[in-house]
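Visitor: Handing you this structure, nothing more for now.
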Amino acid sequence: MSGDISSPNPSTLGTLFGVGVGPGDPELMTLKAVRTIGACPVVAYFCKRGTRGQARRIADQAITPDQIELPMVYPVTVELPPTHPEYGRQIEAFFDESAERIAEHLAAGRSVAALNEGDPFFYGSFMHLFLRLSGRFKAEVIPGVTSMVCSASLLPRPLMLRDDVLSVIPGTLDEAALVRALTAADACVVMKLGQNLPKVRRAIAAAGLAERAWYVERASMDEQRFMPFLEAPDVAPYFSQIVIPGEGKRG
């Protein structure tokens, strides 16, 4: 049946673009990201209730009044812990609903630029849309500068030298797993701090890495700050991470 989202005509469909808009500074958006956003009639973005969201703020100058904006407002953020059963139920239903809202535009032939802080496939929320829609519609990822490399650029030494192996470690791991991952790493970045900071702080101390570690908050944004980890605050915002440069191992 013509127009049926479940069985669309490939020749008349829009394309889903996952657009990485970088870590915060609009000047770190790629030329391709800016061009792609401007070429899509629909711009979608995730946000918290009462806000436009970080990705939308970054891409502001690339969006025109003629485009359709599709805010996708999270039903929960910090009100429930991610381990709570109700959190999982609400967030999965939200991603299902968001994907179907986008699917309506794609089926009507309107391409959608789905904005994502940093890079869409590097812990990006876009992955939830991609996994739900890429089997039904053409999907393309526009890579973006990650907060990890932006944070590393602030350090007084390179993140990796010679044969160092980089480990990217989510702060959501349990404390024992964090200690194991940190101990095995040459160079590493600990993502997803926020409420996990006290646990991460203990793990870094247990791994003997506190002297080498750096704390970076809101990399590339106006409120950016970074400091040796031993001087880090007791409370970390969502946009923060720990960066531990390697020592330059040779294989």
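Ligands are numbered from 1 in the order shown, residues from 1 within each chain, and chains are lettered A, B, ... in the order they appear in the structure tokens.
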Within range 7-251 of chain A, find each residue whose DSSP state, derived from the backbone, is alpha helix (DSSP H), and express the selection as number ranges by chain.
Guide: A: 31-39, 54-58, 85-107, 126-133, 147-152, 175-184, 197-206
Visitor: Can you pull out every residue within 12 Å of Met127 in chain A, counting only C-alpha atoms, but drop anything in the same chain fewer than 4 positions away, and send it as a list in words?
Guide: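 So the residues in contact are Leu16, Phe17, Gly18, Val19, Gly20, Phe95, Ala99, Ala114, Leu115, Asn116, Asp119, Pro120, Phe121, Phe122, Tyr123, Leu131, Arg132, Leu133, Ser134, Ala139, Glu140 and Val141 of chain A.
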Visitor: Quick one: residues within 9 Å of Leu70 in chain A, only C-alpha atoms, excluding same-chain residues fewer than 2 positions away - as a list in words?
Guide: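 Using only C-alpha atoms, the neighbours found are Val42, Val43, Ala44, Tyr45, Phe46, Ile68, Met72, Arg101, Ile102 and Ala114 of chain A.
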Visitor: Output C-alpha atoms for every residue in that selection, as a compact mmCIF listing (two decimals), in the first residue's frame.
Guide:
```txt
# COMPACT_ATOMS: atom_id res chain seq x y z
CA VAL A 42 13.76 17.98 9.15
CA VAL A 43 16.15 18.40 12.10
CA ALA A 44 15.65 16.07 15.07
CA TYR A 45 17.42 16.27 18.43
CA PHE A 46 17.21 14.81 21.93
CA ILE A 68 10.93 21.37 10.59
CA MET A 72 12.62 14.38 21.29
CA ARG A 101 8.03 9.99 14.62
CA ILE A 102 11.13 10.17 12.43
CA ALA A 114 19.34 13.66 13.77
```
Visitor: When DSSP is applied to the backbone of this structure, which of range 38-147 of chain A are assigned strand (DSSP E or B)? Write them out as JSON, numbers by chain.
Guide: {"A": [42, 43, 44, 45, 46, 47, 68, 69, 70, 71, 72, 73, 112, 113, 114, 115, 116, 118, 139, 140, 141, 142]}
Visitor: Residues of the last selection are to be written out with C-alpha atoms, as a PDB file, in the first residue's frame.
Guide:
```pdb
ATOM      1  CA  VAL A  42      13.758  17.983   9.153  1.00  0.00           C
ATOM      2  CA  VAL A  43      16.147  18.403  12.100  1.00  0.00           C
ATOM      3  CA  ALA A  44      15.655  16.075  15.074  1.00  0.00           C
ATOM      4  CA  TYR A  45      17.416  16.269  18.431  1.00  0.00           C
ATOM      5  CA  PHE A  46      17.212  14.813  21.927  1.00  0.00           C
ATOM      6  CA  CYS A  47      16.716  17.131  24.876  1.00  0.00           C
ATOM      7  CA  ILE A  68      10.935  21.370  10.588  1.00  0.00           C
ATOM      8  CA  GLU A  69      12.322  20.869  14.095  1.00  0.00           C
ATOM      9  CA  LEU A  70      11.603  17.602  15.870  1.00  0.00           C
ATOM     10  CA  PRO A  71      12.584  17.768  19.561  1.00  0.00           C
ATOM     11  CA  MET A  72      12.625  14.380  21.294  1.00  0.00           C
ATOM     12  CA  VAL A  73      12.174  15.042  25.007  1.00  0.00           C
ATOM     13  CA  VAL A 112      16.070  13.889   8.658  1.00  0.00           C
ATOM     14  CA  ALA A 113      19.243  15.191  10.294  1.00  0.00           C
ATOM     15  CA  ALA A 114      19.342  13.657  13.766  1.00  0.00           C
ATOM     16  CA  LEU A 115      21.809  15.713  15.807  1.00  0.00           C
ATOM     17  CA  ASN A 116      24.201  14.078  18.228  1.00  0.00           C
ATOM     18  CA  GLY A 118      30.276  14.416  19.724  1.00  0.00           C
ATOM     19  CA  ALA A 139      20.892   5.709   7.070  1.00  0.00           C
ATOM     20  CA  GLU A 140      24.209   7.550   7.005  1.00  0.00           C
ATOM     21  CA  VAL A 141      26.498   8.653   9.833  1.00  0.00           C
ATOM     22  CA  ILE A 142      28.338  11.983   9.643  1.00  0.00           C
TER      23      ILE A 142
END
```
Visitor: Do a neighbour search on range 177-191 of chain A at 10 Å with only C-alpha atoms, toss out local chain neighbours closer than 4 positions, and write the hits as a PyMOL selection string.
Guide: chain A and resi 123+147-149+151-152+158-161+163-173+196-197+199-200+202-209+212-215+238-249
Visitor: Would you mind reading off the distance between CA of Gly14 in chain A and CA of Leu28 in chain A, one decimal, in Å?
Guide: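 Rounded to one decimal, the two atoms are 26.9 Å apart.
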Visitor: Which one is closest to Arg110 in chain A: A:Gln61, A:Gln67, A:Thr30, A:Ser153? Count only C-alpha atoms.
Guide: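 For Arg110 in chain A, the nearest of the candidates is A:Gln67.
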